[in-house]
Each structure stands twice: as C-alpha cells, then as structure tokens.
$ cat start_36.csv   # CSV, C-alpha atoms and all ligand atoms
chain,number,residue,atom,x,y,z
A,1,MET,CA,33.8,14.4,1.9
A,2,ALA,CA,33.6,10.8,0.8
A,3,PHE,CA,30.3,8.9,1.2
A,4,ASN,CA,30.9,6.7,4.3
A,5,PRO,CA,27.6,5.6,5.8
A,6,PHE,CA,29.2,3.1,8.2
A,7,LEU,CA,31.8,5.6,9.4
A,8,GLY,CA,35.1,4.1,10.4
A,9,GLY,CA,37.9,3.8,12.9
A,10,LYS,CA,37.6,1.9,16.1
A,11,ARG,CA,33.8,2.2,16.3
A,12,VAL,CA,33.2,1.3,12.7
A,13,CYS,CA,29.8,-0.3,12.1
A,14,LEU,CA,30.0,-4.0,13.0
A,15,GLY,CA,27.3,-4.9,10.4
A,16,LYS,CA,29.1,-3.1,7.6
A,17,THR,CA,30.2,-6.2,5.6
A,18,PHE,CA,26.8,-7.9,6.2
A,19,ALA,CA,24.8,-4.8,5.2
A,20,GLU,CA,26.9,-4.3,2.1
A,21,THR,CA,26.5,-7.9,1.1
A,22,VAL,CA,22.8,-7.8,1.6
A,23,LEU,CA,22.5,-4.6,-0.5
A,24,LYS,CA,24.6,-6.2,-3.3
A,25,PHE,CA,22.0,-8.9,-3.6
A,26,THR,CA,18.8,-7.1,-2.9
A,27,LEU,CA,19.3,-3.9,-4.9
A,28,PRO,CA,19.8,-5.6,-8.3
A,29,LEU,CA,16.7,-7.8,-7.5
A,30,PHE,CA,14.7,-4.6,-7.0
A,31,TRP,CA,15.9,-3.1,-10.3
A,32,HIS,CA,15.2,-6.4,-12.0
A,33,HIS,CA,11.6,-6.7,-10.8
A,34,PHE,CA,10.4,-3.1,-10.5
A,35,ASP,CA,10.5,0.4,-12.1
A,36,ILE,CA,10.8,2.9,-9.3
A,37,GLU,CA,8.9,6.2,-9.8
A,38,PHE,CA,8.6,9.3,-7.6
A,39,ALA,CA,5.2,9.3,-6.0
A,40,THR,CA,4.8,13.1,-5.7
A,41,GLU,CA,4.7,15.6,-8.6
A,42,GLU,CA,7.1,17.8,-6.7
A,43,HIS,CA,9.9,15.2,-6.9
A,44,LYS,CA,9.3,14.5,-10.6
A,45,THR,CA,10.2,18.0,-11.5
A,46,VAL,CA,12.8,18.9,-8.8
A,47,ARG,CA,14.8,15.9,-7.9
A,48,PRO,CA,15.3,15.4,-4.2
A,49,HIS,CA,18.8,15.4,-3.0
A,50,LEU,CA,20.4,14.2,0.2
A,51,GLU,CA,23.1,16.2,1.9
A,52,ILE,CA,25.7,13.8,3.2
A,53,LEU,CA,25.8,13.9,7.0
A,54,ALA,CA,22.7,16.1,6.9
A,55,MET,CA,20.9,16.3,10.2
A,56,SER,CA,17.6,15.3,8.7
A,57,THR,CA,16.8,13.1,5.7
A,58,PRO,CA,14.1,14.1,3.2
A,59,VAL,CA,11.0,11.9,2.9
A,60,VAL,CA,10.9,10.7,-0.7
A,61,PRO,CA,7.8,8.5,-1.3
A,62,VAL,CA,8.1,6.2,-4.4
A,63,HIS,CA,6.0,3.8,-6.2
A,64,PHE,CA,7.4,0.3,-7.1
A,65,ILE,CA,5.9,-0.6,-10.5
A,66,THR,CA,6.2,-4.3,-11.3
A,67,LYS,CA,7.9,-5.2,-14.5
A,68,ASN,CA,6.0,-8.5,-14.5
A,69,LYS,CA,3.1,-7.6,-16.8
A,70,ASP,CA,1.3,-10.9,-16.1
A,71,ALA,CA,1.3,-10.2,-12.4
A,72,GLU,CA,0.2,-6.6,-13.0
A,73,LYS,CA,-2.7,-7.9,-15.2
A,74,ALA,CA,-3.6,-10.6,-12.6
A,75,MET,CA,-3.7,-7.9,-9.9
A,76,PHE,CA,-5.8,-5.6,-12.1
A,77,ASP,CA,-8.2,-8.4,-13.0
A,78,LYS,CA,-8.5,-9.3,-9.3
A,79,GLN,CA,-9.3,-5.7,-8.4
A,80,GLU,CA,-11.9,-5.5,-11.2
A,81,GLU,CA,-13.4,-8.7,-10.0
A,82,ALA,CA,-13.6,-7.4,-6.4
A,83,LYS,CA,-15.2,-4.2,-7.7
A,84,ARG,CA,-17.8,-6.1,-9.7
A,85,ALA,CA,-18.6,-8.4,-6.6
A,86,GLU,CA,-19.0,-5.3,-4.5
A,87,GLU,CA,-21.3,-3.7,-7.0
A,88,GLU,CA,-23.3,-6.9,-7.3
A,89,ALA,CA,-23.6,-7.2,-3.5
A,90,ALA,CA,-24.8,-3.5,-3.3
A,91,ARG,CA,-27.3,-4.1,-6.1
A,92,LYS,CA,-28.6,-7.3,-4.4
A,93,LYS,CA,-29.0,-5.4,-1.1
A,94,MET,CA,-30.9,-2.6,-2.7
A,95,GLU,CA,-33.1,-5.2,-4.5
A,96,GLU,CA,-33.8,-6.9,-1.2
A,97,GLU,CA,-34.6,-3.7,0.6
A,98,ARG,CA,-36.9,-2.7,-2.2
A,99,LYS,CA,-38.7,-6.0,-2.0
A,100,ALA,CA,-39.0,-5.7,1.8
A,101,MET,CA,-40.5,-2.2,1.4
A,102,GLU,CA,-43.0,-3.5,-1.2
A,103,GLU,CA,-44.0,-6.4,1.1
A,104,ASP,CA,-44.5,-3.9,3.9
A,105,GLU,CA,-46.7,-1.8,1.7
A,106,ASP,CA,-48.7,-4.9,0.7
A,107,ASP,CA,-49.3,-5.8,4.3
A,108,GLU,CA,-50.5,-2.2,5.0
A,109,ASP,CA,-52.9,-2.5,2.1
A,110,ASP,CA,-54.2,-5.8,3.5
A,111,GLU,CA,-54.9,-4.1,6.8
A,112,ASP,CA,-56.9,-1.5,5.0
A,113,ASP,CA,-59.0,-4.3,3.4
A,114,VAL,CA,-60.3,-5.4,6.8
A,115,PRO,CA,-63.7,-4.0,7.4
A,116,GLU,CA,-63.9,-1.6,10.4
A,117,HIS,CA,-66.7,-3.5,12.3
A,118,GLU,CA,-65.6,-7.0,11.5
A,119,GLU,CA,-67.1,-8.5,14.7
A,120,LEU,CA,-70.6,-7.3,13.8
B,201,LIG,C1,22.8,0.1,5.8
B,201,LIG,C2,22.9,-0.4,7.0
B,201,LIG,C3,23.7,0.1,8.1
B,201,LIG,C4,24.3,1.4,8.3
B,201,LIG,C5,24.2,2.6,7.3
B,201,LIG,C6,25.0,1.4,9.6
B,201,LIG,C7,25.7,2.5,10.1
B,201,LIG,C8,26.3,2.5,11.3
B,201,LIG,C9,27.0,3.6,11.8
B,201,LIG,C10,27.1,5.0,11.2
B,201,LIG,C11,27.5,3.3,13.0
B,201,LIG,C12,28.4,4.2,14.0
B,201,LIG,C13,29.8,3.9,13.7
B,201,LIG,C14,30.7,4.8,14.5
B,201,LIG,O1,30.3,5.3,15.6
B,201,LIG,O2,31.8,5.1,14.0
B,201,LIG,C15,27.1,1.9,13.3
B,201,LIG,C16,27.5,1.2,14.4
B,201,LIG,C17,27.1,-0.1,14.6
B,201,LIG,N1,26.4,-0.9,13.7
B,201,LIG,FE1,25.7,-0.4,11.9
B,201,LIG,N2,24.9,0.2,10.1
B,201,LIG,C18,24.1,-0.6,9.3
B,201,LIG,C19,23.8,-1.9,9.5
B,201,LIG,C20,24.1,-2.7,10.6
B,201,LIG,C21,23.8,-4.0,10.8
B,201,LIG,C22,23.0,-4.9,9.8
B,201,LIG,C23,24.3,-4.4,12.0
B,201,LIG,C24,24.3,-5.7,12.7
B,201,LIG,C25,24.0,-6.9,12.1
B,201,LIG,C26,25.0,-3.3,12.6
B,201,LIG,C27,25.7,-3.3,13.8
B,201,LIG,C28,26.3,-2.1,14.3
B,201,LIG,C29,26.9,-2.2,15.6
B,201,LIG,C30,27.0,-3.3,16.6
B,201,LIG,C31,27.5,-0.9,15.8
B,201,LIG,C32,28.3,-0.3,17.0
B,201,LIG,C33,29.8,-0.5,16.7
B,201,LIG,C34,30.5,0.0,17.9
B,201,LIG,O3,30.1,1.0,18.5
B,201,LIG,O4,31.6,-0.5,18.2
B,201,LIG,N3,24.8,-2.2,11.7
B,201,LIG,N4,26.4,1.5,12.2

$ encode --input "start_36.csv" --output "structure tokens"
Amino acid sequence: MAFNPFLGGKRVCLGKTFAETVLKFTLPLFWHHFDIEFATEEHKTVRPHLEILAMSTPVVPVHFITKNKDAEKAMFDKQEEAKRAEEEAARKKMEEERKAMEEDEDDEDDEDDVPEHEEL
C-alpha cells in the first residue's frame, strides 16, 4: 500500500497542502543545522521501523546535535562556567560555615575564661 498519511477521497485532510509545504521548508532546515542521532543504544543496533497504518507508533527518542560548532562550544563554555560558579558558591558556603563554627567555638572558650565567682 502506498504511503498516504493524509488519506484521500471526500474527507481528505484539509491541511494537506499546508502541512506538505511546511515540511518542505522545515525538514531541509533541520538537516542543514543538525545531525540526528538515535538516543537509545537499542535503536542504534536495530533500526526502528514504522508499519504503515499501524495501530501504534513506536517511540523513537533522538538527539539533535548542532552542526554549528561555535554554538556548541559557546554552550559548552556556558555550562562549564555555570559549573565553576556552582562549585565556587559551594566552596564559599563551606568556608562561611567553617568560620561561623570557629567563631562559636571562640565564644564558648571566652565563656570558660569567666571566673566562676566573678561577683565576689
Ligand atoms: C503532517 C500533518 C498532518 C497529517 C499527517 C494529517 C492527516 C489527516 C488525516 C489522516 C485526516 C483524515 C482524512 C480522512 O478521513 O480521509 C485529516 C483530516 C483533516 N485534517 Fe489533517 N493532517 C495534518 C495536518 C493538518 C493541518 C495542518 C490542518 C489544518 C491546518 C489539518 C486539517 C484537517 C481537517 C480540517 C481534517 C478533516 C477533513 C474532513 O473531515 O473533511 N490537518 N488529516
């Protein structure tokens, strides 16, 4: 049977021409900008296939990998920068906590210095 996703006859899809036109413009753009890779190992070895007019469609997760290496690098740099900022914030927080604990300990030491019968 021929592939006819919009079916035909009297009830043919009203958006057929529109949908086909949109696809003619968008699909080449996707190919131009991205490599598309199966996301699961399973699909890399056994290619998924779709039975035409099947009752259910398989879920095929994919990754879009940009062909724009500058953008990829910029994104990588941004992620690295965010990671560094996060680590720096965690380090600062630990440092502050450590200082606060040290100060508390100093205060406790001061209390020990007070003579027991000060009022005498
Ligand atoms: C890839 C995109 C699309 C696919 C695969 C698709 C597929 C279909 C299919 C299979 C039918 C049933 C036809 C029949 O019963 O013989 C249908 C009906 C219909 N579609 Fe689409 N369609 C798509 C996009 C659109 C868009 C974008 C619009 C509107 C802008 C649209 C509007 C309609 C309407 C109004 C009907 C009912 C026609 C009727 O019952 O007389 N479709 N479509």

$ residues_around --input "start_36.csv" --residues "segment 30-39 of chain A" --least-positions-apart "3" --cutoff "9 Å" --atoms "only C-alpha atoms" --output "VMD selection string"
chain A and resid 26 to 27 42 to 44 60 to 68

$ atom_distance --input "start_36.csv" --atom1 "atom C32 of ligand LIG 201 (chain B)" --atom2 "atom CA of Leu23 of chain A"
18.9 Å

$ closest_atom_pairs --input "start_36.csv" --of "chain A" --to "ligand LIG 201 (chain B)" --cutoff "8 Å" --atoms "all atoms listed in the file" --output "Markdown table"
| residue | atom | partner | partner_atom | distance |
| --- | --- | --- | --- | --- |
| A:Pro5 | CA | B:LIG201 | C5 | 4.8 |
| A:Phe6 | CA | B:LIG201 | C7 | 4.0 |
| A:Leu7 | CA | B:LIG201 | O2 | 4.6 |
| A:Gly8 | CA | B:LIG201 | O2 | 5.0 |
| A:Gly9 | CA | B:LIG201 | O2 | 6.3 |
| A:Lys10 | CA | B:LIG201 | O4 | 6.8 |
| A:Arg11 | CA | B:LIG201 | O4 | 4.0 |
| A:Val12 | CA | B:LIG201 | O2 | 4.3 |
| A:Cys13 | CA | B:LIG201 | C16 | 3.6 |
| A:Leu14 | CA | B:LIG201 | C28 | 4.4 |
| A:Gly15 | CA | B:LIG201 | C23 | 3.4 |
| A:Lys16 | CA | B:LIG201 | C19 | 5.8 |
| A:Phe18 | CA | B:LIG201 | C22 | 6.0 |
| A:Ala19 | CA | B:LIG201 | C22 | 4.9 |
| A:Glu20 | CA | B:LIG201 | C1 | 7.1 |
| A:Leu23 | CA | B:LIG201 | C1 | 7.9 |

$ write_last_selection --input "start_36.csv" --atoms "C-alpha atoms" --output "mmCIF file, in the frame of the given file"
data_model
loop_
_atom_site.group_PDB
_atom_site.id
_atom_site.type_symbol
_atom_site.label_atom_id
_atom_site.label_comp_id
_atom_site.auth_asym_id
_atom_site.auth_seq_id
_atom_site.Cartn_x
_atom_site.Cartn_y
_atom_site.Cartn_z
ATOM 1 C CA PRO A 5 27.600 5.600 5.800
ATOM 2 C CA PHE A 6 29.200 3.100 8.200
ATOM 3 C CA LEU A 7 31.800 5.600 9.400
ATOM 4 C CA GLY A 8 35.100 4.100 10.400
ATOM 5 C CA GLY A 9 37.900 3.800 12.900
ATOM 6 C CA LYS A 10 37.600 1.900 16.100
ATOM 7 C CA ARG A 11 33.800 2.200 16.300
ATOM 8 C CA VAL A 12 33.200 1.300 12.700
ATOM 9 C CA CYS A 13 29.800 -0.300 12.100
ATOM 10 C CA LEU A 14 30.000 -4.000 13.000
ATOM 11 C CA GLY A 15 27.300 -4.900 10.400
ATOM 12 C CA LYS A 16 29.100 -3.100 7.600
ATOM 13 C CA PHE A 18 26.800 -7.900 6.200
ATOM 14 C CA ALA A 19 24.800 -4.800 5.200
ATOM 15 C CA GLU A 20 26.900 -4.300 2.100
ATOM 16 C CA LEU A 23 22.500 -4.600 -0.500
#

$ atom_distance --input "start_36.csv" --atom1 "atom CA of Val22 of chain A" --atom2 "atom CA of Pro48 of chain A"
25.1 Å

$ atom_distance --input "start_36.csv" --atom1 "atom CA of Asp106 of chain A" --atom2 "atom CA of Ala90 of chain A"
24.3 Å
